[in-house]
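Enquirer: Following this line is target_21.cif, made up of mmCIF, C-alpha atoms and all ligand atoms:
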data_coords
loop_
_atom_site.label_atom_id
_atom_site.label_comp_id
_atom_site.auth_asym_id
_atom_site.auth_seq_id
_atom_site.Cartn_x
_atom_site.Cartn_y
_atom_site.Cartn_z
CA MET A 1 182.90 98.47 8.19
CA GLU A 2 180.57 95.55 8.79
CA ARG A 3 181.03 94.10 12.23
CA MET A 4 182.59 90.66 11.93
CA THR A 5 180.71 89.08 14.83
CA ARG A 6 177.82 87.03 13.60
CA ALA A 7 175.11 85.65 15.81
CA SER A 8 174.82 81.89 15.63
CA SER A 9 171.92 80.67 17.76
CA ILE A 10 168.40 80.95 16.43
CA THR A 11 167.41 83.08 19.42
CA ASP A 12 170.28 85.52 18.89
CA ARG A 13 169.51 85.80 15.22
CA LEU A 14 165.82 86.25 15.93
CA ALA A 15 166.66 89.10 18.32
CA ILE A 16 168.78 90.83 15.64
CA LEU A 17 166.47 90.26 12.70
CA ALA A 18 163.28 91.15 14.58
CA ASP A 19 164.90 94.34 15.85
CA ALA A 20 166.12 95.19 12.34
CA ALA A 21 162.58 94.78 10.99
CA LYS A 22 161.03 97.23 13.43
CA TYR A 23 161.94 100.23 11.24
CA ASP A 24 159.44 99.09 8.63
CA ALA A 25 156.00 100.49 9.42
CA SER A 26 154.24 99.01 6.44
CA CYS A 27 152.45 96.33 8.36
CA ALA A 28 149.86 98.42 10.18
CA SER A 29 150.53 98.35 13.84
CA SER A 30 148.76 100.81 16.00
CA GLY A 31 146.16 101.15 18.65
CA THR A 32 146.66 97.74 20.20
CA ALA A 33 146.89 97.53 23.97
CA LYS A 34 149.73 95.53 25.38
CA ARG A 35 148.64 92.17 26.71
CA ASN A 36 151.71 91.14 28.65
CA SER A 37 151.41 88.06 30.78
CA LYS A 38 154.33 89.04 32.88
CA GLU A 39 156.93 91.73 33.02
CA GLY A 40 159.00 91.91 29.89
CA GLY A 41 156.15 90.67 27.75
CA LYS A 42 157.45 87.16 27.29
CA GLY A 43 155.06 85.14 29.41
CA ILE A 44 152.27 82.88 28.32
CA GLY A 45 149.72 84.73 26.25
CA SER A 46 152.00 87.68 25.64
CA THR A 47 151.32 89.50 22.41
CA GLU A 48 154.49 91.57 22.66
CA GLY A 49 157.22 88.96 22.30
CA MET A 50 160.33 89.31 20.19
CA GLY A 51 159.41 90.13 16.61
CA ILE A 52 155.67 90.13 17.14
CA CYS A 53 153.74 93.07 15.74
CA HIS A 54 150.10 93.75 15.06
CA ALA A 55 148.39 94.36 11.78
CA TYR A 56 144.84 94.61 10.52
CA ALA A 57 143.66 91.75 8.34
CA PRO A 58 141.49 92.49 5.28
CA ASP A 59 138.39 91.66 7.33
CA GLY A 60 139.33 94.29 9.92
CA ARG A 61 140.56 91.90 12.63
CA CYS A 62 143.70 92.87 14.49
CA ILE A 63 146.18 90.04 14.06
CA SER A 64 149.63 89.30 15.48
CA LEU A 65 152.44 88.78 13.01
CA LEU A 66 155.97 87.51 13.29
CA LYS A 67 157.82 90.48 11.78
CA ILE A 68 161.38 89.70 10.80
CA LEU A 69 164.03 90.12 8.15
CA LEU A 70 165.42 87.12 6.37
CA THR A 71 168.78 88.85 6.70
CA ASN A 72 170.11 92.27 7.63
CA HIS A 73 173.07 91.90 5.28
CA CYS A 74 172.62 94.33 2.41
CA ILE A 75 174.62 95.30 -0.64
CA PHE A 76 172.74 98.62 -0.93
CA ASP A 77 173.75 101.68 1.02
CA CYS A 78 170.61 103.69 1.77
CA HIS A 79 171.76 106.44 4.11
CA TYR A 80 168.73 106.27 6.45
CA CYS A 81 168.94 102.50 6.99
CA ILE A 82 170.65 100.79 9.87
CA ASN A 83 171.26 97.73 7.70
CA ARG A 84 173.01 99.56 4.88
CA ALA A 85 176.24 98.04 3.55
CA SER A 86 178.47 100.56 5.34
CA SER A 87 176.72 100.25 8.72
CA ASN A 88 178.64 98.83 11.64
CA VAL A 89 175.89 96.56 12.83
CA GLN A 90 175.88 92.94 13.90
CA ARG A 91 174.68 90.81 11.00
CA ALA A 92 172.58 87.70 10.93
CA ARG A 93 170.83 85.55 8.38
CA PHE A 94 168.13 82.92 8.37
CA THR A 95 167.65 80.24 5.77
CA PRO A 96 164.16 80.05 4.28
CA GLN A 97 163.62 76.77 6.15
CA GLU A 98 164.53 78.41 9.47
CA VAL A 99 161.97 81.17 8.91
CA VAL A 100 159.40 78.52 8.05
CA ASP A 101 160.19 76.56 11.22
CA LEU A 102 159.99 79.69 13.38
CA THR A 103 156.71 80.76 11.82
CA LEU A 104 155.13 77.35 12.27
CA SER A 105 156.35 77.01 15.83
CA PHE A 106 155.02 80.47 16.82
CA TYR A 107 151.80 79.78 14.94
CA ARG A 108 151.20 76.44 16.64
CA ARG A 109 151.70 78.08 20.02
CA ASN A 110 149.13 80.72 19.07
CA TYR A 111 151.65 83.54 19.39
CA ILE A 112 151.00 84.72 15.84
CA GLU A 113 148.48 84.50 13.06
CA GLY A 114 150.87 85.26 10.26
CA LEU A 115 154.24 86.43 8.98
CA PHE A 116 155.60 89.79 7.83
CA LEU A 117 158.84 89.07 5.99
CA SER A 118 161.31 91.52 4.54
CA SER A 119 165.02 91.35 3.80
CA GLY A 120 168.20 93.24 3.10
CA ILE A 121 169.48 92.59 -0.41
CA VAL A 122 172.06 89.84 -0.55
CA LYS A 123 174.01 88.92 -3.66
CA SER A 124 171.34 90.32 -5.98
CA SER A 125 167.72 91.42 -6.04
CA ASN A 126 166.72 88.17 -7.76
CA HIS A 127 168.55 85.99 -5.27
CA THR A 128 166.89 87.81 -2.36
CA MET A 129 163.46 87.66 -3.92
CA GLU A 130 163.89 83.94 -4.59
CA GLN A 131 164.60 83.35 -0.90
CA LEU A 132 161.56 85.37 0.22
CA VAL A 133 159.33 83.52 -2.22
CA GLU A 134 160.77 80.20 -1.08
CA VAL A 135 159.67 80.88 2.51
CA ALA A 136 156.12 81.57 1.35
CA ARG A 137 156.15 78.57 -1.01
CA ILE A 138 157.25 76.12 1.69
CA LEU A 139 154.66 77.49 4.11
CA ARG A 140 151.79 77.33 1.62
CA GLU A 141 152.67 74.24 -0.43
CA GLU A 142 154.46 71.96 2.00
CA HIS A 143 152.62 72.90 5.21
CA ASP A 144 149.31 74.11 3.83
CA PHE A 145 149.80 77.24 5.96
CA ARG A 146 146.56 79.25 5.99
CA GLY A 147 147.86 82.16 8.09
CA TYR A 148 148.43 85.69 6.82
CA ILE A 149 151.60 86.39 4.84
CA HIS A 150 152.89 89.88 4.00
CA LEU A 151 155.96 89.85 1.75
CA LYS A 152 158.15 92.79 0.95
CA THR A 153 159.04 92.65 -2.69
CA ILE A 154 162.21 93.88 -4.32
CA PRO A 155 161.42 96.25 -7.19
CA ASP A 156 164.49 95.28 -9.21
CA ALA A 157 163.73 91.57 -9.05
CA ASP A 158 162.54 89.67 -12.06
CA GLY A 159 158.81 90.19 -12.75
CA GLU A 160 158.17 86.46 -12.69
CA LEU A 161 159.58 86.18 -9.16
CA VAL A 162 157.55 89.15 -7.93
CA HIS A 163 154.48 87.56 -9.48
CA ARG A 164 155.10 84.33 -7.60
CA ALA A 165 155.32 86.34 -4.37
CA GLY A 166 151.83 87.66 -5.01
CA LEU A 167 150.47 84.15 -5.57
CA TYR A 168 151.59 83.05 -2.09
CA ALA A 169 151.19 86.27 -0.09
CA ASP A 170 148.05 87.95 1.18
CA ARG A 171 149.67 91.36 0.91
CA VAL A 172 152.74 92.61 -0.92
CA SER A 173 154.51 95.89 -0.43
CA ILE A 174 157.25 97.90 -2.07
CA ASN A 175 158.55 100.92 -0.18
CA VAL A 176 158.75 104.17 -2.11
CA GLU A 177 161.00 105.27 0.78
CA LEU A 178 161.09 109.02 0.14
CA PRO A 179 158.48 111.50 -1.04
CA THR A 180 160.55 113.09 -3.80
CA ASP A 181 162.74 111.75 -6.58
CA ALA A 182 165.51 114.11 -5.47
CA GLY A 183 165.32 112.75 -1.91
CA LEU A 184 165.52 109.17 -3.15
CA ALA A 185 168.48 109.93 -5.43
CA ARG A 186 170.31 111.60 -2.54
CA LEU A 187 169.55 109.17 0.28
CA ALA A 188 169.06 105.86 -1.53
CA PRO A 189 171.37 106.11 -4.56
CA ASP A 190 170.89 102.43 -5.48
CA LYS A 191 167.14 102.87 -5.84
CA ASP A 192 165.15 104.44 -8.61
CA THR A 193 161.62 105.87 -8.55
CA ARG A 194 160.80 104.58 -12.03
CA ARG A 195 161.73 101.01 -11.13
CA ILE A 196 159.80 101.19 -7.84
CA GLU A 197 156.70 102.59 -9.49
CA GLY A 198 157.04 100.21 -12.44
CA ALA A 199 156.91 97.28 -10.01
CA MET A 200 153.89 98.82 -8.27
CA GLY A 201 152.16 99.16 -11.62
CA GLY A 202 152.81 95.49 -12.38
CA MET A 203 151.36 94.54 -8.98
CA LYS A 204 148.28 96.64 -9.58
CA GLN A 205 147.65 94.96 -12.89
CA ALA A 206 148.11 91.45 -11.47
CA ILE A 207 145.83 92.18 -8.48
CA ARG A 208 143.10 93.55 -10.75
CA GLN A 209 143.37 90.65 -13.17
CA SER A 210 143.19 88.14 -10.34
CA ARG A 211 140.07 89.83 -8.93
CA ASP A 212 138.39 89.64 -12.31
CA GLU A 213 139.30 85.99 -12.73
CA THR A 214 138.15 84.96 -9.24
CA LYS A 215 134.77 86.54 -10.00
CA ARG A 216 134.45 84.36 -13.10
CA PHE A 217 136.19 81.17 -11.97
CA ARG A 218 135.82 80.11 -8.35
CA HIS A 219 139.15 78.30 -8.25
CA ALA A 220 141.25 80.87 -10.12
CA PRO A 221 144.52 81.53 -8.23
CA ARG A 222 144.31 84.50 -5.90
CA PHE A 223 146.96 87.18 -6.18
CA ALA A 224 147.71 89.34 -3.11
CA PRO A 225 144.05 89.44 -2.05
CA ALA A 226 144.86 92.00 0.67
CA GLY A 227 146.38 94.30 -1.98
CA GLN A 228 149.60 96.27 -1.88
CA SER A 229 150.91 98.95 0.44
CA THR A 230 153.96 101.16 0.74
CA GLN A 231 155.89 103.26 3.22
CA MET A 232 157.37 106.74 3.13
CA ILE A 233 160.02 107.99 5.52
CA VAL A 234 159.15 111.39 6.96
CA GLY A 235 161.74 113.93 8.02
CA ALA A 236 164.87 112.39 6.50
CA ASP A 237 164.87 114.89 3.64
CA ALA A 238 163.53 118.38 3.02
CA ALA A 239 160.14 117.25 1.64
CA SER A 240 157.23 119.20 3.11
CA ASP A 241 153.94 117.73 4.27
CA ALA A 242 152.36 119.09 1.08
CA ASP A 243 154.93 117.10 -0.94
CA ILE A 244 154.13 113.99 1.07
CA VAL A 245 150.36 114.40 0.75
CA GLY A 246 150.73 114.95 -3.00
CA LYS A 247 152.89 111.87 -3.39
CA ALA A 248 150.55 109.70 -1.30
CA SER A 249 147.57 110.85 -3.32
CA ARG A 250 149.31 110.03 -6.61
CA LEU A 251 150.24 106.59 -5.29
CA TYR A 252 146.67 105.83 -4.22
CA ASP A 253 145.31 106.99 -7.57
CA SER A 254 147.94 105.38 -9.78
CA PHE A 255 148.47 102.04 -8.09
CA GLY A 256 145.30 101.33 -6.13
CA LEU A 257 147.27 101.01 -2.88
CA ARG A 258 145.45 99.84 0.22
CA ARG A 259 147.61 101.92 2.51
CA VAL A 260 150.45 104.39 2.53
CA TYR A 261 152.35 104.26 5.82
CA TYR A 262 154.33 107.17 7.17
CA SER A 263 157.36 106.47 9.29
CA ALA A 264 159.05 109.31 11.14
CA PHE A 265 162.75 109.08 10.39
CA SER A 266 164.64 107.91 13.44
CA PRO A 267 168.32 108.69 13.77
CA ILE A 268 170.47 105.57 13.63
CA PRO A 269 173.87 104.79 15.13
CA ASP A 270 176.84 105.88 12.98
CA ALA A 271 174.48 107.93 10.85
CA SER A 272 175.59 109.34 7.55
CA ALA A 273 176.40 113.07 7.55
CA VAL A 274 173.66 113.78 4.99
CA LEU A 275 170.94 112.90 7.53
CA PRO A 276 169.34 115.25 10.02
CA LEU A 277 170.54 114.80 13.60
CA LYS A 278 167.08 114.83 15.12
CA ARG A 279 163.97 112.87 14.38
CA PRO A 280 160.93 114.93 13.36
CA PRO A 281 158.20 115.36 16.00
CA LEU A 282 156.08 112.22 16.24
CA MET A 283 153.08 114.53 15.97
CA ARG A 284 154.11 115.22 12.36
CA GLU A 285 153.71 111.54 11.52
CA HIS A 286 150.34 111.57 13.31
CA ARG A 287 149.13 114.62 11.35
CA LEU A 288 150.10 112.90 8.10
CA TYR A 289 148.08 109.84 9.07
CA GLN A 290 145.14 112.15 9.78
CA SER A 291 145.53 113.80 6.37
CA ASP A 292 145.59 110.33 4.83
CA TRP A 293 142.28 109.56 6.55
CA LEU A 294 140.80 112.77 5.17
CA MET A 295 141.60 111.59 1.64
CA ARG A 296 140.51 107.98 2.15
CA PHE A 297 137.38 108.36 4.27
CA TYR A 298 136.28 112.00 4.39
CA GLY A 299 136.10 112.94 0.72
CA TYR A 300 138.92 115.51 0.68
CA ASP A 301 141.18 115.56 -2.34
CA SER A 302 144.90 116.11 -1.97
CA ARG A 303 144.62 119.75 -3.05
CA GLU A 304 142.20 120.43 -0.22
CA VAL A 305 144.44 118.71 2.33
CA MET A 306 147.32 120.85 1.08
CA GLN A 307 145.16 123.92 1.72
CA ALA A 308 145.40 123.03 5.41
CA THR A 309 149.19 123.49 5.34
CA GLY A 310 150.96 126.74 6.16
CA ALA A 311 153.10 128.87 3.85
CA ASP A 312 155.96 126.42 4.46
CA GLY A 313 153.86 123.50 3.22
CA MET A 314 153.68 121.94 6.69
CA LEU A 315 150.55 120.83 8.49
CA PRO A 316 150.07 122.53 11.84
CA LEU A 317 151.15 120.40 14.77
CA ASP A 318 148.82 121.95 17.35
CA ILE A 319 145.54 121.22 15.58
CA ASP A 320 144.42 118.43 13.27
CA PRO A 321 144.30 119.03 9.49
CA LYS A 322 140.51 118.89 9.33
CA LEU A 323 140.17 121.69 11.87
CA ALA A 324 142.96 123.62 10.11
CA TRP A 325 141.03 123.37 6.84
CA ALA A 326 137.74 124.41 8.47
CA LEU A 327 139.38 127.45 10.06
CA LYS A 328 140.68 128.54 6.65
CA PHE A 329 137.34 128.01 4.94
CA ARG A 330 134.93 129.37 7.52
CA ASP A 331 132.47 130.50 4.85
CA ARG A 332 131.56 126.79 4.35
CA PHE A 333 130.16 126.71 7.91
CA PRO A 334 128.01 126.34 9.90
CA VAL A 335 126.31 123.29 8.38
CA ASP A 336 122.85 122.22 9.49
CA VAL A 337 123.02 118.85 11.21
CA ASN A 338 119.38 118.19 10.29
CA ARG A 339 119.61 119.02 6.58
CA ALA A 340 123.21 118.98 5.34
CA PRO A 341 124.37 116.21 2.98
CA ARG A 342 126.80 113.60 4.24
CA GLU A 343 129.78 115.25 2.45
CA ALA A 344 129.19 118.54 4.28
CA LEU A 345 128.76 116.83 7.68
CA LEU A 346 132.02 114.95 7.18
CA ARG A 347 133.78 118.34 7.00
CA VAL A 348 132.63 119.37 10.48
CA PRO A 349 135.58 119.24 12.91
CA GLY A 350 134.83 116.81 15.71
CA LEU A 351 132.47 114.60 13.67
CA GLY A 352 133.90 111.25 12.62
CA VAL A 353 132.53 108.91 9.95
CA ARG A 354 130.64 106.85 12.50
CA ALA A 355 129.06 109.95 14.08
CA VAL A 356 127.96 111.22 10.66
CA ASN A 357 126.41 107.85 9.80
CA GLN A 358 124.52 107.89 13.10
CA ILE A 359 123.33 111.45 12.51
CA LEU A 360 121.99 110.46 9.08
CA SER A 361 120.18 107.53 10.62
CA VAL A 362 118.75 109.35 13.69
CA ARG A 363 117.55 112.40 11.78
CA ARG A 364 115.12 110.24 9.80
CA GLN A 365 113.18 109.93 13.06
CA LYS A 366 113.69 113.29 14.75
CA ARG A 367 115.37 116.68 14.60
CA LEU A 368 118.70 116.61 16.37
CA ARG A 369 119.49 119.00 19.20
CA LEU A 370 122.99 119.97 20.25
CA GLU A 371 122.93 117.52 23.14
CA ASP A 372 122.12 114.68 20.69
CA VAL A 373 125.24 115.58 18.73
CA GLY A 374 127.19 115.78 21.98
CA LYS A 375 126.54 112.08 22.55
CA LEU A 376 128.26 111.27 19.24
CA THR A 377 131.47 113.25 19.62
CA VAL A 378 134.30 113.40 22.11
CA SER A 379 134.55 117.18 21.73
CA LEU A 380 131.33 119.17 21.56
CA ALA A 381 133.40 122.35 21.96
CA LYS A 382 135.08 121.57 18.64
CA VAL A 383 131.77 120.94 16.87
CA ARG A 384 129.74 123.91 18.19
CA PRO A 385 131.21 126.70 16.02
CA PHE A 386 130.64 124.72 12.82
CA LEU A 387 127.16 123.26 13.28
CA VAL A 388 123.52 124.32 13.36
CA ALA A 389 121.15 122.10 15.38
CA ALA A 390 117.43 122.33 16.22
CA ASP A 391 118.24 124.40 19.34
CA TRP A 392 121.64 125.84 18.40
CA ARG A 393 123.00 128.43 16.01
CA PRO A 394 126.62 129.55 16.50
CA THR A 395 126.13 133.30 16.06
CA LEU A 396 129.34 134.80 14.70
CA LEU A 397 131.43 132.09 16.29
CA THR A 398 133.22 131.28 13.06
CA ASP A 399 134.07 135.00 12.70
CA ARG A 400 136.06 135.08 15.92
CA ALA A 401 139.73 135.84 15.40
CA ASP A 402 140.64 133.73 18.44
CA LEU A 403 138.71 130.63 17.34
CA ARG A 404 141.87 128.68 16.62
CA THR A 405 143.21 129.39 20.11
CA LEU A 406 139.87 128.42 21.62
CA LEU A 407 139.89 125.08 19.82
CA SER A 408 143.58 124.14 20.13
CA PRO A 409 144.25 121.37 22.63
CA PRO A 410 145.94 122.78 25.77
CA ASN A 411 149.10 120.82 25.06
CA GLU A 412 150.47 118.58 22.37
CA GLN A 413 148.77 115.46 23.56
CA LEU A 414 148.24 112.85 20.85
CA GLU A 415 144.49 112.96 20.69
CA LEU A 416 142.72 110.05 19.06
CA PHE A 417 141.50 110.82 15.59
CA ALA A 418 137.89 111.54 16.33
CA ALA A 419 137.22 113.71 13.35
S1 LIG B 501 167.89 98.12 0.41
FE1 LIG B 501 168.31 100.02 1.53
S2 LIG B 501 166.58 100.18 2.97
FE2 LIG B 501 166.61 98.04 2.24
S3 LIG B 501 167.85 96.94 3.75
FE3 LIG B 501 169.24 97.58 2.12
S4 LIG B 501 170.11 99.53 2.81
FE4 LIG B 501 168.27 99.12 4.03
#
Once you've parsed the file, please lay out its structure as structure tokens.
Expert:
Amino acid sequence: MERMTRASSITDRLAILADAAKYDASCASSGTAKRNSKEGGKGIGSTEGMGICHAYAPDGRCISLLKILLTNHCIFDCHYCINRASSNVQRARFTPQEVVDLTLSFYRRNYIEGLFLSSGIVKSSNHTMEQLVEVARILREEHDFRGYIHLKTIPDADGELVHRAGLYADRVSINVELPTDAGLARLAPDKDTRRIEGAMGGMKQAIRQSRDETKRFRHAPRFAPAGQSTQMIVGADAASDADIVGKASRLYDSFGLRRVYYSAFSPIPDASAVLPLKRPPLMREHRLYQSDWLMRFYGYDSREVMQATGADGMLPLDIDPKLAWALKFRDRFPVDVNRAPREALLRVPGLGVRAVNQILSVRRQKRLRLEDVGKLTVSLAKVRPFLVAADWRPTLLTDRADLRTLLSPPNEQLELFAA
């Protein structure tokens, strides 16, 4: 039963609707250091205030966003969602004008550089979408707001409304929610893969058309210039990492997505009995992000990433997927740092994209020794078995049965993705 208490002050509603929005990972938010001005993160200059998250703008800058829901009322009943119709949660709602006022007031105080706006579904998909679009319209048309806007779009909403969202927003996103159709049918019975993917297809077409037109006509309207993204919940259903990697790859290929975000399922109060009781290890989410990087920046296709999984289709938690792949395909190593093509160097565990680019640049002038490579990587121990340098050849190292043990981190610390 929906709790009858409803917050009335703006601050109370902001607390509820910012907290409700935190489950959505599809505005990138990682790697930023806290910059709290005083304890609690609410002082002058704080970047961690209520509802403020960080995202990367299309030009690579890290920006602060006001991340809120328009409302956490919802007529849908997705089992994994704290805002589902049957959840006993305190409800709140903003009007479009209130969201506009909050955004402008945070923006003028330099707390934020943009808005990430999502919503539960009230009355109907069209009604909700209209309200989201109205926020963006008022900001852009009435206040000439030049900040970043990321709008969640509702797949079932009228195409014309979704199109208008793209004309006001920098980025749009539609969550696919679960990696498999069966998982979606079981945990989000009101949603439908075909409708979600149909809306993504429409977005892709509109984004492409807008890019073509802006090349030809300088003043052609821009449509979601920062592209579209999506989110998948990890660990709420039985989908394996191989299923998730396969789904992400299909989404990138089919819809030209900028990003797929992975969000480890987190148990919610009064959870439905069909959900697992425990959240998956956070390391699983991290390994999926690493596998995503392999596909986007390292030239691996999804089939190759899946080769890094075990018999159960899961990526190992103790080593990263690139090392797992290299250990399975040892005959591809060692590669010669002074002669190998870029694609082969990118497969060497411990070498990131930046290190490979530097190697390619430096080796035009001189032959690299192992110590030169050591300056470009955080883990020379990880690189050594897989690389030949001017003064180094890893005799039989890749044949060692205990190589995996030698290269596994001593504990499950969340190492930065250096390779
Ligand atoms: S549509 Fe589903 S996921 Fe979205 S707010 Fe409603 S219950 Fe939650």
Enquirer: Counting only C-alpha atoms and all ligand atoms, what residues are within 9 Å of ligand LIG 501 (chain B), given as a short mmCIF file (atom, residue, chain, number, x, y, z; two decimals) with C-alpha atoms, in the coordinates of the input?
Expert:
data_model
loop_
_atom_site.label_atom_id
_atom_site.label_comp_id
_atom_site.auth_asym_id
_atom_site.auth_seq_id
_atom_site.Cartn_x
_atom_site.Cartn_y
_atom_site.Cartn_z
CA ALA A 20 166.12 95.19 12.34
CA LEU A 69 164.03 90.12 8.15
CA THR A 71 168.78 88.85 6.70
CA ASN A 72 170.11 92.27 7.63
CA HIS A 73 173.07 91.90 5.28
CA CYS A 74 172.62 94.33 2.41
CA ILE A 75 174.62 95.30 -0.64
CA PHE A 76 172.74 98.62 -0.93
CA ASP A 77 173.75 101.68 1.02
CA CYS A 78 170.61 103.69 1.77
CA HIS A 79 171.76 106.44 4.11
CA TYR A 80 168.73 106.27 6.45
CA CYS A 81 168.94 102.50 6.99
CA ILE A 82 170.65 100.79 9.87
CA ASN A 83 171.26 97.73 7.70
CA ARG A 84 173.01 99.56 4.88
CA ALA A 85 176.24 98.04 3.55
CA SER A 86 178.47 100.56 5.34
CA SER A 87 176.72 100.25 8.72
CA SER A 118 161.31 91.52 4.54
CA SER A 119 165.02 91.35 3.80
CA GLY A 120 168.20 93.24 3.10
CA ILE A 121 169.48 92.59 -0.41
CA VAL A 122 172.06 89.84 -0.55
CA ILE A 154 162.21 93.88 -4.32
CA ASN A 175 158.55 100.92 -0.18
CA GLU A 177 161.00 105.27 0.78
CA ALA A 188 169.06 105.86 -1.53
CA ASP A 190 170.89 102.43 -5.48
CA LYS A 191 167.14 102.87 -5.84
#
Enquirer: Name the residues in contact with A:Leu370 at a cut-off of 10 Å, using all atoms listed in the file, excluding same-chain residues fewer than 5 positions from it; report them as a compact mmCIF listing (two decimals) with C-alpha atoms, in the coordinates of the input.
Expert:
# COMPACT_ATOMS: atom_id res chain seq x y z
CA VAL A 337 123.02 118.85 11.21
CA LYS A 375 126.54 112.08 22.55
CA LEU A 380 131.33 119.17 21.56
CA VAL A 383 131.77 120.94 16.87
CA ARG A 384 129.74 123.91 18.19
CA LEU A 387 127.16 123.26 13.28
CA VAL A 388 123.52 124.32 13.36
CA ALA A 389 121.15 122.10 15.38
CA ALA A 390 117.43 122.33 16.22
CA ASP A 391 118.24 124.40 19.34
CA TRP A 392 121.64 125.84 18.40
CA ARG A 393 123.00 128.43 16.01
Enquirer: Record the distance separating atom CA of A:Arg208 and atom CA of A:Phe255, expressed in Å with one decimal.
Expert: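 Distance between the two atoms: 10.4 Å.
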Enquirer: What is the distance, in Å and to one decimal place, between atom CA of A:Gly352 and atom CA of A:Glu371?
Expert: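 Here the two named atoms are 16.4 Å from each other.
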Enquirer: Go through A:Arg332, A:Phe223, A:Gln358, A:Val100 one by one, measure the shortest atom-to-atom distance of each to A:Gln205 using all atoms listed in the file, and give the residue with the smallest value.
Expert: A:Phe223
Enquirer: I need the residue nearest A:Asp301 from this list: A:Gly246, A:Leu257, A:Ala326, A:Lys22. Use only C-alpha atoms for the distance.
Expert: A:Gly246
Enquirer: Restricting the calculation to all atoms listed in the file, which member of A:Gly299, A:Gly114, A:Pro280, A:Pro385 is positioned closest to A:Ala236?
Expert: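 Smallest separation from A:Ala236 among the options: A:Pro280.
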Enquirer: Find the residues around A:Arg171 up to 12 Å (only C-alpha atoms counted), leave out those fewer than 2 positions away in its own chain, and share them as a ChimeraX atom specification.
Expert: /A:26-28,55-58,114-117,136,147-153,165-169,173-174,203-204,207,222-230,257-259
Enquirer: List as a VMD selection string the protein and nucleic acid residues near A:Asp292, meaning an atom at most 12 Å away when all atoms listed in the file are counted, but skip any in the same chain fewer than 4 places from it.
Expert: chain A and resid 241 to 242 244 to 249 251 to 252 258 to 262 285 to 288 296 to 302 304 to 306 320 to 322 417
Enquirer: Would you mind exporting stretch 209-221 of chain A with N, CA and C atoms, as a short mmCIF file (atom, residue, chain, number, x, y, z; two decimals), in the first residue's frame?
Expert:
data_model
loop_
_atom_site.label_atom_id
_atom_site.label_comp_id
_atom_site.auth_asym_id
_atom_site.auth_seq_id
_atom_site.Cartn_x
_atom_site.Cartn_y
_atom_site.Cartn_z
N GLN A 209 19.75 11.64 -38.44
CA GLN A 209 19.20 12.63 -39.38
C GLN A 209 19.62 14.05 -38.98
N SER A 210 19.57 14.31 -37.68
CA SER A 210 19.94 15.64 -37.20
C SER A 210 21.42 15.92 -37.48
N ARG A 211 22.27 14.89 -37.30
CA ARG A 211 23.70 15.10 -37.58
C ARG A 211 23.93 15.43 -39.04
N ASP A 212 23.22 14.71 -39.91
CA ASP A 212 23.36 14.98 -41.34
C ASP A 212 22.93 16.40 -41.65
N GLU A 213 21.79 16.80 -41.07
CA GLU A 213 21.25 18.13 -41.39
C GLU A 213 22.14 19.25 -40.85
N THR A 214 22.71 19.04 -39.64
CA THR A 214 23.56 20.12 -39.09
C THR A 214 24.86 20.25 -39.89
N LYS A 215 25.25 19.16 -40.58
CA LYS A 215 26.44 19.29 -41.45
C LYS A 215 26.12 20.16 -42.66
N ARG A 216 24.87 20.05 -43.13
CA ARG A 216 24.50 20.78 -44.35
C ARG A 216 23.97 22.17 -44.06
N PHE A 217 23.22 22.30 -42.96
CA PHE A 217 22.62 23.61 -42.63
C PHE A 217 23.06 24.00 -41.22
N ARG A 218 23.77 25.08 -41.11
CA ARG A 218 24.35 25.46 -39.81
C ARG A 218 23.30 25.61 -38.72
N HIS A 219 22.12 26.09 -39.09
CA HIS A 219 21.12 26.38 -38.06
C HIS A 219 20.04 25.29 -37.95
N ALA A 220 20.30 24.15 -38.54
CA ALA A 220 19.32 23.05 -38.41
C ALA A 220 19.19 22.68 -36.93
N PRO A 221 17.96 22.35 -36.47
CA PRO A 221 17.80 22.01 -35.04
C PRO A 221 18.62 20.79 -34.66
#
